[in-house]
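Just work_39.json here, JSON, C-alpha atoms:
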[["chain", "number", "residue", "atom", "x", "y", "z"],
["A", 1, "MET", "CA", 0.00, 0.00, 0.00],
["A", 2, "LYS", "CA", 1.30, 3.43, -0.93],
["A", 3, "GLY", "CA", 1.80, 5.95, 1.84],
["A", 4, "ARG", "CA", 3.01, 9.49, 2.29],
["A", 5, "LEU", "CA", 4.57, 11.66, 4.95],
["A", 6, "ARG", "CA", 3.12, 15.16, 4.83],
["A", 7, "PHE", "CA", 4.82, 17.98, 6.73],
["A", 8, "ALA", "CA", 3.16, 21.06, 8.19],
["A", 9, "ASP", "CA", 4.60, 23.19, 5.37],
["A", 10, "GLY", "CA", 3.04, 20.91, 2.72],
["A", 11, "THR", "CA", 6.23, 19.03, 1.74],
["A", 12, "GLN", "CA", 5.55, 15.34, 1.05],
["A", 13, "PHE", "CA", 7.60, 12.14, 0.86],
["A", 14, "GLU", "CA", 6.09, 8.99, -0.60],
["A", 15, "GLY", "CA", 6.81, 5.32, -0.03],
["A", 16, "THR", "CA", 5.25, 1.97, 0.86],
["A", 17, "LEU", "CA", 3.46, 1.44, 4.16],
["A", 18, "ILE", "CA", 4.68, -1.34, 6.46],
["A", 19, "GLY", "CA", 3.51, -2.50, 9.87],
["A", 20, "ASP", "CA", -0.05, -1.47, 10.74],
["A", 21, "THR", "CA", -1.01, 0.03, 7.39],
["A", 22, "GLU", "CA", -4.44, 1.15, 8.66],
["A", 23, "LYS", "CA", -3.00, 3.51, 11.23],
["A", 24, "ILE", "CA", -2.55, 7.25, 10.85],
["A", 25, "ALA", "CA", 0.47, 8.55, 12.78],
["A", 26, "ALA", "CA", 1.11, 12.20, 13.60],
["A", 27, "GLY", "CA", 4.02, 13.70, 15.49],
["A", 28, "GLU", "CA", 7.33, 15.52, 15.43],
["A", 29, "VAL", "CA", 9.77, 14.18, 12.82],
["A", 30, "VAL", "CA", 13.40, 13.56, 13.81],
["A", 31, "PHE", "CA", 16.23, 11.61, 12.20],
["A", 32, "ASN", "CA", 18.53, 9.14, 13.94],
["A", 33, "THR", "CA", 21.98, 8.31, 12.54],
["A", 34, "ALA", "CA", 22.66, 5.08, 14.47],
["A", 35, "MET", "CA", 23.82, 2.15, 12.34],
["A", 36, "THR", "CA", 22.29, -0.47, 14.67],
["A", 37, "GLY", "CA", 19.84, -0.52, 17.55],
["A", 38, "TYR", "CA", 16.61, 0.29, 15.71],
["A", 39, "GLN", "CA", 14.52, -1.62, 18.26],
["A", 40, "GLU", "CA", 16.22, 0.17, 21.14],
["A", 41, "ILE", "CA", 15.42, 3.49, 19.43],
["A", 42, "LEU", "CA", 11.74, 2.72, 18.90],
["A", 43, "THR", "CA", 11.27, 1.46, 22.48],
["A", 44, "ASP", "CA", 13.06, 4.44, 24.05],
["A", 45, "PRO", "CA", 10.32, 6.46, 25.83],
["A", 46, "SER", "CA", 12.17, 9.63, 24.83],
["A", 47, "TYR", "CA", 10.75, 9.14, 21.32],
["A", 48, "TYR", "CA", 7.17, 9.40, 22.54],
["A", 49, "GLY", "CA", 5.16, 11.43, 20.03],
["A", 50, "GLN", "CA", 7.87, 11.40, 17.37],
["A", 51, "ILE", "CA", 8.15, 9.94, 13.88],
["A", 52, "VAL", "CA", 11.68, 8.58, 13.58],
["A", 53, "VAL", "CA", 13.66, 8.60, 10.33],
["A", 54, "LEU", "CA", 16.41, 5.97, 10.42],
["A", 55, "THR", "CA", 19.25, 7.13, 8.17],
["A", 56, "TYR", "CA", 21.02, 3.76, 7.97],
["A", 57, "PRO", "CA", 19.76, 2.33, 4.64],
["A", 58, "LEU", "CA", 18.88, -1.26, 5.71],
["A", 59, "ILE", "CA", 16.76, -1.83, 8.81],
["A", 60, "GLY", "CA", 15.53, -5.10, 10.29],
["A", 61, "ASN", "CA", 18.30, -7.37, 8.97],
["A", 62, "TYR", "CA", 18.82, -8.96, 12.41],
["A", 63, "GLY", "CA", 15.13, -8.80, 13.35],
["A", 64, "THR", "CA", 13.72, -7.92, 16.75],
["A", 65, "PHE", "CA", 13.78, -9.73, 20.10],
["A", 66, "ALA", "CA", 12.55, -9.04, 23.61],
["A", 67, "GLU", "CA", 16.01, -8.62, 25.15],
["A", 68, "ALA", "CA", 16.74, -5.57, 22.98],
["A", 69, "ALA", "CA", 13.72, -3.54, 24.13],
["A", 70, "GLU", "CA", 14.32, -0.47, 26.28],
["A", 71, "SER", "CA", 10.74, -0.61, 27.59],
["A", 72, "LEU", "CA", 7.65, -2.80, 27.33],
["A", 73, "PHE", "CA", 6.68, -1.63, 23.83],
["A", 74, "PRO", "CA", 7.58, 0.94, 21.14],
["A", 75, "TRP", "CA", 6.89, 4.55, 22.09],
["A", 76, "ALA", "CA", 7.73, 6.19, 18.75],
["A", 77, "GLU", "CA", 4.67, 7.13, 16.72],
["A", 78, "ALA", "CA", 6.05, 5.75, 13.47],
["A", 79, "VAL", "CA", 9.27, 4.89, 11.64],
["A", 80, "ILE", "CA", 10.62, 5.76, 8.19],
["A", 81, "VAL", "CA", 13.29, 3.69, 6.43],
["A", 82, "LYS", "CA", 15.02, 3.38, 3.08],
["A", 83, "ASP", "CA", 14.72, -0.41, 2.97],
["A", 84, "TYR", "CA", 13.92, -3.17, 5.44],
["A", 85, "ALA", "CA", 14.70, -6.87, 5.61],
["A", 86, "ARG", "CA", 11.65, -9.04, 5.01],
["A", 87, "ILE", "CA", 13.41, -12.10, 6.44],
["A", 88, "PRO", "CA", 15.72, -11.46, 9.43],
["A", 89, "SER", "CA", 18.96, -13.33, 10.02],
["A", 90, "HIS", "CA", 19.66, -13.99, 13.70],
["A", 91, "PHE", "CA", 20.70, -17.05, 15.68],
["A", 92, "GLY", "CA", 17.98, -16.32, 18.24],
["A", 93, "GLY", "CA", 15.09, -16.79, 15.81],
["A", 94, "ALA", "CA", 14.13, -13.13, 15.85],
["A", 95, "GLU", "CA", 10.80, -11.66, 14.77],
["A", 96, "SER", "CA", 10.79, -9.66, 11.53],
["A", 97, "PHE", "CA", 10.71, -5.87, 11.64],
["A", 98, "ASP", "CA", 7.40, -5.69, 9.76],
["A", 99, "SER", "CA", 5.77, -8.28, 12.05],
["A", 100, "TYR", "CA", 7.04, -6.42, 15.10],
["A", 101, "LEU", "CA", 5.44, -3.16, 13.92],
["A", 102, "LYS", "CA", 2.17, -4.95, 13.21],
["A", 103, "ARG", "CA", 2.12, -6.56, 16.66],
["A", 104, "TYR", "CA", 2.37, -3.19, 18.37],
["A", 105, "HIS", "CA", 0.10, -1.38, 15.88],
["A", 106, "LYS", "CA", 2.85, 0.91, 14.66],
["A", 107, "VAL", "CA", 3.03, 2.13, 11.07],
["A", 108, "GLY", "CA", 6.15, 2.60, 9.00],
["A", 109, "LEU", "CA", 7.05, 4.01, 5.60],
["A", 110, "ALA", "CA", 9.66, 2.21, 3.48],
["A", 111, "GLY", "CA", 11.25, 2.99, 0.14],
["A", 112, "VAL", "CA", 11.93, 6.60, 1.13],
["A", 113, "ASP", "CA", 15.12, 8.41, 0.14],
["A", 114, "THR", "CA", 16.12, 9.00, 3.76],
["A", 115, "ARG", "CA", 19.16, 11.03, 2.68],
["A", 116, "GLU", "CA", 16.92, 13.56, 0.95],
["A", 117, "LEU", "CA", 14.49, 13.53, 3.87],
["A", 118, "THR", "CA", 17.29, 14.10, 6.39],
["A", 119, "LEU", "CA", 18.70, 16.98, 4.37],
["A", 120, "TYR", "CA", 15.21, 18.48, 4.24],
["A", 121, "ILE", "CA", 14.88, 18.28, 8.05],
["A", 122, "ARG", "CA", 18.35, 19.79, 8.51],
["A", 123, "SER", "CA", 17.39, 22.67, 6.21],
["A", 124, "ALA", "CA", 13.79, 23.30, 7.30],
["A", 125, "GLY", "CA", 14.19, 22.32, 10.94],
["A", 126, "THR", "CA", 12.08, 19.99, 13.07],
["A", 127, "GLN", "CA", 8.42, 20.04, 12.10],
["A", 128, "HIS", "CA", 5.20, 18.17, 12.75],
["A", 129, "ALA", "CA", 3.98, 15.75, 10.10],
["A", 130, "VAL", "CA", 1.36, 13.09, 9.42],
["A", 131, "LEU", "CA", 2.01, 9.61, 8.02],
["A", 132, "ALA", "CA", -0.90, 7.85, 6.35],
["A", 133, "SER", "CA", -1.99, 6.02, 3.23],
["A", 134, "ALA", "CA", -1.67, 8.00, 0.00],
["A", 135, "ASP", "CA", -5.46, 8.15, -0.46],
["A", 136, "THR", "CA", -6.20, 9.61, 2.97],
["A", 137, "PRO", "CA", -8.27, 12.80, 2.52],
["A", 138, "ALA", "CA", -6.52, 16.08, 3.23],
["A", 139, "SER", "CA", -9.13, 16.95, 5.86],
["A", 140, "VAL", "CA", -8.24, 13.82, 7.84],
["A", 141, "LEU", "CA", -4.52, 14.67, 7.65],
["A", 142, "GLU", "CA", -5.20, 18.21, 8.85],
["A", 143, "GLU", "CA", -7.30, 16.91, 11.74],
["A", 144, "ALA", "CA", -4.51, 14.53, 12.80],
["A", 145, "MET", "CA", -1.96, 17.33, 12.55],
["A", 146, "ALA", "CA", -4.05, 19.63, 14.73],
["A", 147, "ALA", "CA", -4.39, 16.93, 17.39],
["A", 148, "ILE", "CA", -0.63, 16.65, 18.05],
["A", 149, "ASP", "CA", 0.01, 17.50, 21.71],
["A", 150, "LEU", "CA", 3.35, 16.72, 23.39],
["A", 151, "SER", "CA", 2.76, 18.91, 26.45],
["A", 152, "LYS", "CA", 2.00, 15.94, 28.74],
["A", 153, "SER", "CA", 4.52, 13.49, 27.30],
["A", 154, "VAL", "CA", 6.50, 12.88, 30.50],
["A", 155, "TYR", "CA", 3.37, 12.01, 32.44],
["A", 156, "ALA", "CA", 2.39, 9.51, 29.74],
["A", 157, "VAL", "CA", 5.64, 7.52, 29.93],
["A", 158, "THR", "CA", 6.57, 7.61, 33.63],
["A", 159, "THR", "CA", 6.09, 4.53, 35.79],
["A", 160, "PRO", "CA", 2.68, 4.63, 37.52],
["A", 161, "GLU", "CA", 4.09, 3.06, 40.71],
["A", 162, "PRO", "CA", 7.52, 2.81, 42.35],
["A", 163, "TYR", "CA", 9.46, -0.43, 41.94],
["A", 164, "HIS", "CA", 12.74, -1.75, 43.27],
["A", 165, "VAL", "CA", 15.66, -3.59, 41.67],
["A", 166, "GLU", "CA", 17.60, -5.14, 44.54],
["A", 167, "HIS", "CA", 21.39, -5.28, 44.55],
["A", 168, "GLU", "CA", 24.03, -5.07, 47.26],
["A", 169, "GLY", "CA", 25.44, -1.57, 47.32],
["A", 170, "PRO", "CA", 24.52, 2.13, 47.45],
["A", 171, "HIS", "CA", 20.83, 2.94, 47.10],
["A", 172, "VAL", "CA", 20.08, 5.06, 44.02],
["A", 173, "VAL", "CA", 16.65, 6.51, 43.28],
["A", 174, "VAL", "CA", 15.87, 6.92, 39.58],
["A", 175, "ILE", "CA", 13.19, 9.53, 38.90],
["A", 176, "ASP", "CA", 11.47, 8.18, 35.81],
["A", 177, "TYR", "CA", 10.75, 10.80, 33.15],
["A", 178, "GLY", "CA", 10.90, 8.03, 30.53],
["A", 179, "ALA", "CA", 13.81, 5.93, 31.74],
["A", 180, "LYS", "CA", 15.33, 3.26, 29.50],
["A", 181, "ASN", "CA", 15.76, -0.25, 30.91],
["A", 182, "SER", "CA", 19.49, -0.07, 30.24],
["A", 183, "ILE", "CA", 19.92, 2.73, 32.79],
["A", 184, "MET", "CA", 18.68, 0.51, 35.61],
["A", 185, "GLU", "CA", 20.67, -2.42, 34.22],
["A", 186, "GLN", "CA", 23.91, -0.43, 34.14],
["A", 187, "LEU", "CA", 23.38, 0.88, 37.66],
["A", 188, "GLY", "CA", 22.92, -2.73, 38.78],
["A", 189, "VAL", "CA", 26.08, -3.82, 36.97],
["A", 190, "ARG", "CA", 27.92, -1.17, 38.97],
["A", 191, "GLY", "CA", 26.61, -2.52, 42.26],
["A", 192, "MET", "CA", 23.73, -0.12, 42.86],
["A", 193, "SER", "CA", 20.46, -1.00, 44.53],
["A", 194, "VAL", "CA", 17.86, 0.87, 42.46],
["A", 195, "THR", "CA", 14.41, 2.25, 43.23],
["A", 196, "VAL", "CA", 12.49, 3.73, 40.28],
["A", 197, "VAL", "CA", 9.83, 6.31, 41.15],
["A", 198, "PRO", "CA", 7.25, 8.35, 39.19],
["A", 199, "CYS", "CA", 8.21, 11.79, 37.90],
["A", 200, "THR", "CA", 5.59, 13.37, 40.18],
["A", 201, "ILE", "CA", 7.45, 12.40, 43.38],
["A", 202, "THR", "CA", 7.68, 15.21, 45.94],
["A", 203, "PRO", "CA", 10.81, 16.21, 47.91],
["A", 204, "THR", "CA", 9.31, 14.76, 51.09],
["A", 205, "GLU", "CA", 8.50, 11.47, 49.41],
["A", 206, "LEU", "CA", 12.00, 11.32, 47.95],
["A", 207, "ASP", "CA", 13.60, 11.86, 51.36],
["A", 208, "GLY", "CA", 11.62, 8.89, 52.64],
["A", 209, "TYR", "CA", 13.68, 6.57, 50.42],
["A", 210, "HIS", "CA", 16.95, 7.76, 52.03],
["A", 211, "PRO", "CA", 18.90, 7.59, 48.76],
["A", 212, "ASP", "CA", 22.67, 7.67, 48.49],
["A", 213, "GLY", "CA", 22.22, 9.36, 45.13],
["A", 214, "VAL", "CA", 19.58, 10.31, 42.55],
["A", 215, "VAL", "CA", 19.43, 9.81, 38.79],
["A", 216, "LEU", "CA", 17.12, 12.09, 36.81],
["A", 217, "SER", "CA", 16.36, 10.02, 33.75],
["A", 218, "ASN", "CA", 15.96, 10.70, 30.08],
["A", 219, "GLY", "CA", 12.49, 11.47, 28.72],
["A", 220, "PRO", "CA", 10.44, 13.12, 25.98],
["A", 221, "GLY", "CA", 9.17, 16.61, 25.44],
["A", 222, "ASP", "CA", 10.14, 20.21, 26.10],
["A", 223, "PRO", "CA", 11.45, 20.63, 29.67],
["A", 224, "SER", "CA", 10.11, 24.19, 29.87],
["A", 225, "LEU", "CA", 6.59, 22.67, 29.95],
["A", 226, "PHE", "CA", 7.34, 20.68, 33.11],
["A", 227, "THR", "CA", 8.03, 23.44, 35.61],
["A", 228, "ASP", "CA", 5.92, 21.65, 38.23],
["A", 229, "LEU", "CA", 8.73, 19.07, 38.44],
["A", 230, "LEU", "CA", 11.46, 21.61, 39.25],
["A", 231, "PRO", "CA", 11.03, 21.82, 43.06],
["A", 232, "THR", "CA", 11.94, 18.14, 43.35],
["A", 233, "VAL", "CA", 14.83, 18.54, 40.88],
["A", 234, "LYS", "CA", 16.17, 21.49, 42.87],
["A", 235, "HIS", "CA", 15.85, 19.47, 46.08],
["A", 236, "CYS", "CA", 17.86, 16.63, 44.51],
["A", 237, "VAL", "CA", 20.68, 18.93, 43.43],
["A", 238, "ASP", "CA", 20.81, 20.64, 46.83],
["A", 239, "HIS", "CA", 20.68, 17.50, 48.99],
["A", 240, "TYR", "CA", 21.96, 14.46, 47.07],
["A", 241, "PRO", "CA", 24.61, 13.43, 44.55],
["A", 242, "THR", "CA", 22.60, 13.90, 41.35],
["A", 243, "LEU", "CA", 23.11, 12.75, 37.79],
["A", 244, "GLY", "CA", 20.91, 14.13, 35.01],
["A", 245, "ILE", "CA", 20.52, 12.30, 31.70],
["A", 246, "CYS", "CA", 18.94, 13.97, 28.66],
["A", 247, "LEU", "CA", 15.69, 15.54, 29.95],
["A", 248, "GLY", "CA", 16.95, 15.11, 33.51],
["A", 249, "HIS", "CA", 20.03, 17.18, 32.64],
["A", 250, "GLN", "CA", 17.85, 19.87, 31.07],
["A", 251, "LEU", "CA", 15.61, 20.02, 34.15],
["A", 252, "ILE", "CA", 18.71, 20.57, 36.30],
["A", 253, "GLY", "CA", 19.56, 23.54, 34.09],
["A", 254, "LEU", "CA", 16.08, 25.03, 34.53],
["A", 255, "ALA", "CA", 16.18, 24.42, 38.29],
["A", 256, "GLU", "CA", 19.53, 26.25, 38.45],
["A", 257, "GLY", "CA", 18.25, 29.34, 36.65],
["A", 258, "ALA", "CA", 18.98, 28.56, 33.00],
["A", 259, "HIS", "CA", 16.56, 28.73, 30.08],
["A", 260, "THR", "CA", 16.06, 26.23, 27.29],
["A", 261, "TYR", "CA", 15.58, 26.66, 23.56],
["A", 262, "PRO", "CA", 14.76, 24.22, 20.75],
["A", 263, "LEU", "CA", 17.63, 23.14, 18.51],
["A", 264, "LYS", "CA", 16.97, 23.36, 14.79],
["A", 265, "PHE", "CA", 16.96, 19.59, 14.29],
["A", 266, "GLY", "CA", 18.51, 18.13, 17.43],
["A", 267, "HIS", "CA", 21.05, 15.36, 17.93],
["A", 268, "HIS", "CA", 19.83, 11.77, 17.65],
["A", 269, "GLY", "CA", 22.17, 8.84, 17.16],
["A", 270, "ALA", "CA", 24.78, 6.51, 18.62],
["A", 271, "ASN", "CA", 27.86, 8.05, 17.01],
["A", 272, "HIS", "CA", 28.11, 11.65, 18.24],
["A", 273, "PRO", "CA", 31.59, 12.89, 19.21],
["A", 274, "LEU", "CA", 31.90, 14.61, 22.57],
["A", 275, "MET", "CA", 35.10, 16.35, 23.67],
["A", 276, "ASP", "CA", 36.30, 16.54, 27.26],
["A", 277, "HIS", "CA", 37.79, 20.05, 27.25],
["A", 278, "LYS", "CA", 39.94, 19.30, 30.28],
["A", 279, "THR", "CA", 41.73, 16.31, 28.75],
["A", 280, "GLY", "CA", 41.20, 16.93, 25.04],
["A", 281, "LYS", "CA", 39.89, 13.38, 24.63],
["A", 282, "VAL", "CA", 36.93, 12.70, 22.35],
["A", 283, "LEU", "CA", 34.34, 10.04, 23.16],
["A", 284, "ILE", "CA", 31.77, 8.64, 20.73],
["A", 285, "THR", "CA", 28.46, 8.94, 22.52],
["A", 286, "SER", "CA", 24.78, 8.12, 22.22],
["A", 287, "ALA", "CA", 22.58, 11.22, 21.93],
["A", 288, "ARG", "CA", 18.88, 12.00, 21.83],
["A", 289, "TRP", "CA", 17.94, 15.61, 22.45],
["A", 290, "GLY", "CA", 16.42, 18.58, 20.71],
["A", 291, "ILE", "CA", 16.87, 21.19, 23.44],
["A", 292, "GLY", "CA", 19.75, 23.49, 24.42],
["A", 293, "HIS", "CA", 20.50, 25.67, 27.46],
["A", 294, "VAL", "CA", 21.04, 29.43, 27.54],
["A", 295, "GLY", "CA", 20.83, 32.37, 29.97],
["A", 296, "TRP", "CA", 22.45, 31.12, 33.15],
["A", 297, "ALA", "CA", 21.56, 32.90, 36.37],
["A", 298, "ASN", "CA", 23.50, 36.14, 36.97],
["A", 299, "GLY", "CA", 25.47, 35.57, 33.75],
["A", 300, "ALA", "CA", 27.68, 33.04, 35.57],
["A", 301, "GLN", "CA", 29.52, 30.18, 33.91],
["A", 302, "PHE", "CA", 29.15, 26.51, 34.70],
["A", 303, "SER", "CA", 31.78, 24.03, 35.82],
["A", 304, "VAL", "CA", 31.08, 20.32, 35.95],
["A", 305, "GLY", "CA", 33.12, 17.90, 38.01],
["A", 306, "THR", "CA", 33.07, 14.42, 39.52],
["A", 307, "TRP", "CA", 34.00, 13.51, 43.06],
["A", 308, "PRO", "CA", 33.62, 10.34, 45.16],
["A", 309, "VAL", "CA", 30.60, 10.48, 47.45],
["A", 310, "ARG", "CA", 30.65, 9.03, 50.98],
["A", 311, "SER", "CA", 32.09, 5.52, 50.92],
["A", 312, "ALA", "CA", 30.26, 4.73, 47.71],
["A", 313, "ASP", "CA", 33.12, 5.39, 45.35],
["A", 314, "ARG", "CA", 31.23, 3.71, 42.49],
["A", 315, "PHE", "CA", 28.62, 6.47, 42.49],
["A", 316, "ARG", "CA", 29.88, 9.88, 41.48],
["A", 317, "HIS", "CA", 28.31, 13.26, 41.89],
["A", 318, "SER", "CA", 27.90, 15.52, 38.88],
["A", 319, "VAL", "CA", 28.10, 19.01, 40.38],
["A", 320, "VAL", "CA", 26.54, 21.95, 38.57],
["A", 321, "ARG", "CA", 27.83, 25.39, 39.58],
["A", 322, "HIS", "CA", 26.19, 27.94, 37.30],
["A", 323, "ALA", "CA", 27.84, 27.02, 34.06],
["A", 324, "VAL", "CA", 27.24, 26.44, 30.41],
["A", 325, "VAL", "CA", 26.71, 22.74, 29.85],
["A", 326, "GLY", "CA", 26.89, 21.51, 26.26],
["A", 327, "ASP", "CA", 23.56, 20.79, 24.64]]
Would you give me this structure, written as structure tokens?
Amino acid sequence: MKGRLRFADGTQFEGTLIGDTEKIAAGEVVFNTAMTGYQEILTDPSYYGQIVVLTYPLIGNYGTFAEAAESLFPWAEAVIVKDYARIPSHFGGAESFDSYLKRYHKVGLAGVDTRELTLYIRSAGTQHAVLASADTPASVLEEAMAAIDLSKSVYAVTTPEPYHVEHEGPHVVVIDYGAKNSIMEQLGVRGMSVTVVPCTITPTELDGYHPDGVVLSNGPGDPSLFTDLLPTVKHCVDHYPTLGICLGHQLIGLAEGAHTYPLKFGHHGANHPLMDHKTGKVLITSARWGIGHVGWANGAQFSVGTWPVRSADRFRHSVVRHAVVGD
């Protein structure tokens, strides 16, 4: 079945629908440059409400399997690819990419020149768009476009109840704004006992867990819309060793007096270079953000450092002292 991606400015890209071909998907379109990890991308709650363009030209060649998921199901609204493997090749007997999309009622668009589409996004900037069959009436597309609302995204993806992952070691509370499974897994590998709590936790409730440290997780949406979460974020920074990831990092900035602004097309991928300006070393990092920081309180600069905390030398405190942190 033929399908099309129609942007808010009227630009269209055509291809063949895959997955749940009856579904109409609407959201913010971003591109991701990772060469592998397509299932991890789609199941990352940070992609809630977004249509993801995968720039690597062949997707699905090793299929999909439960162990690769970053959450219980895909959060991305839809996916766009150049080509996809109809029959996966994997020793674990993986499910095909198309079957996986169908099972979770997600639609995709294949046969798209993703290079051209990516260049368009880089030129025009991030926009909303609708993905549907080619014969979908314009009025239906416009209705779907008008219904896009990402203002409550964090509250849609956070855990509804606290849960605990027991390990011997320091007790870390993860505030879940859309946390990936791998965050809790990596904390466990490093000997942390982890409690995951909803994003709506209050300072008093947090204190009741007596954490040795706090992780503010990744998540979707514009942090400037979630100002009701800042009192708890500020409490974390003032009272506990605190690590912010993605949205969590951005909320720390807001709590410390900074402002945020949308990047033209954001950074999404698994191959982004990041320089440590103290050592001159460059690391290849995973990135997923579309927001930057500006306007620090009193015009001050930021410095970021790591120090051992208490006897728990495996948990380190990222200290923010009014500075410019890279977006």
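Comparing A:Ala34, A:Glu28, A:Gln127, A:Gln39 by their smallest distance to A:Ile284, the closest is A:Ala34 (using only C-alpha atoms).
Nearest-residue note for A:Glu40: choosing from A:Leu243, A:Ala270, A:Val174, A:Ala69, the minimum distance belongs to A:Ala69, counting all atoms listed in the file.
Remark: for A:Thr227, the closest of the candidate residues A:Val154, A:Met35, A:Val172, A:Ala26 is A:Val154 (distances computed over all atoms listed in the file).
The spacing separating atom CA of A:Ile87 from atom CA of A:Thr21 amounts to 18.9 Å.
Taking only C-alpha atoms into account, A:His235 lies nearest to A:Ala255 out of the set A:Ala255, A:Leu283, A:Leu119, A:Leu274.
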Problem - Residue neighbourhood stretch 182-188 of chain A, 8 Å, only C-alpha atoms, exclusion window fewer than 3 positions, as a list of chain:residue names - result: A:Glu70, A:Val165, A:His167, A:Ala179, A:Gly191, A:Met192, A:Ser193, A:Val194
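Closest approach to A:Pro170 from the set A:Pro241, A:Gly111, A:Gly280, A:Pro203 is made by A:Pro241, with distances taken over all atoms listed in the file.
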Problem - Spatial neighbours of A:Tyr177, 7 Å, all atoms listed in the file, chain gap at least 2 places, as a PyMOL selection string - result: chain A and resi 154+157-158+175+179+199+217-219
Generate a file of the selected residues that holds C-alpha atoms, formatted as a PDB file, in the frame of the given file.
ATOM      1  CA  VAL A 154       6.500  12.880  30.500  1.00  0.00           C
ATOM      2  CA  VAL A 157       5.640   7.520  29.930  1.00  0.00           C
ATOM      3  CA  THR A 158       6.570   7.610  33.630  1.00  0.00           C
ATOM      4  CA  ILE A 175      13.190   9.530  38.900  1.00  0.00           C
ATOM      5  CA  ALA A 179      13.810   5.930  31.740  1.00  0.00           C
ATOM      6  CA  CYS A 199       8.210  11.790  37.900  1.00  0.00           C
ATOM      7  CA  SER A 217      16.360  10.020  33.750  1.00  0.00           C
ATOM      8  CA  ASN A 218      15.960  10.700  30.080  1.00  0.00           C
ATOM      9  CA  GLY A 219      12.490  11.470  28.720  1.00  0.00           C
TER      10      GLY A 219
END
Exercise for the section: State, in Å with one decimal place, the distance from atom CA of A:Thr36 to atom CA of A:Thr114. Expected result: 15.7 Å
Problem - Distance criterion (all atoms listed in the file): nearest to A:Phe7 out of A:Gly292, A:Pro198, A:Gly125, A:Gly37 - result: A:Gly125
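Between atom CA of A:Asp149 and atom CA of A:Glu116 there is a distance of 27.1 Å.
If you count all atoms listed in the file and ignore residues fewer than 2 places along the chain from A:Ala78, what sits within 6 Å of it is Ile51, Ala76, Lys106, Val107 and Gly108 of chain A.
Residues surrounding A:Val214 within 10 Å are His171, Val172, Val173, Val174, Ile175, Val194, Thr195, Val196, Leu206, Val233, Cys236, Val237, His239, Tyr240, Pro241, Thr242, Leu243, Gly244, Phe315 and His317 of chain A [all atoms listed in the file; sequence separation below 6 positions excluded].
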Exercise for the section: Can you pull out every residue within 7 Å of A:Pro223, counting only C-alpha atoms, but drop anything in the same chain fewer than 6 positions away, and send it as a list in words? Expected result: Leu247, Gln250 and Leu251 of chain A
With 8 Å of padding per side, what axis-aligned box (centre and edge lengths, Å, one decimal) covers all the listed atoms of stretch 20-38 of chain A? Give it as lines of an AutoDock Vina configuration file.
center_x = 9.7
center_y = 7.0
center_z = 12.5
size_x = 44.3
size_y = 33.0
size_z = 26.2
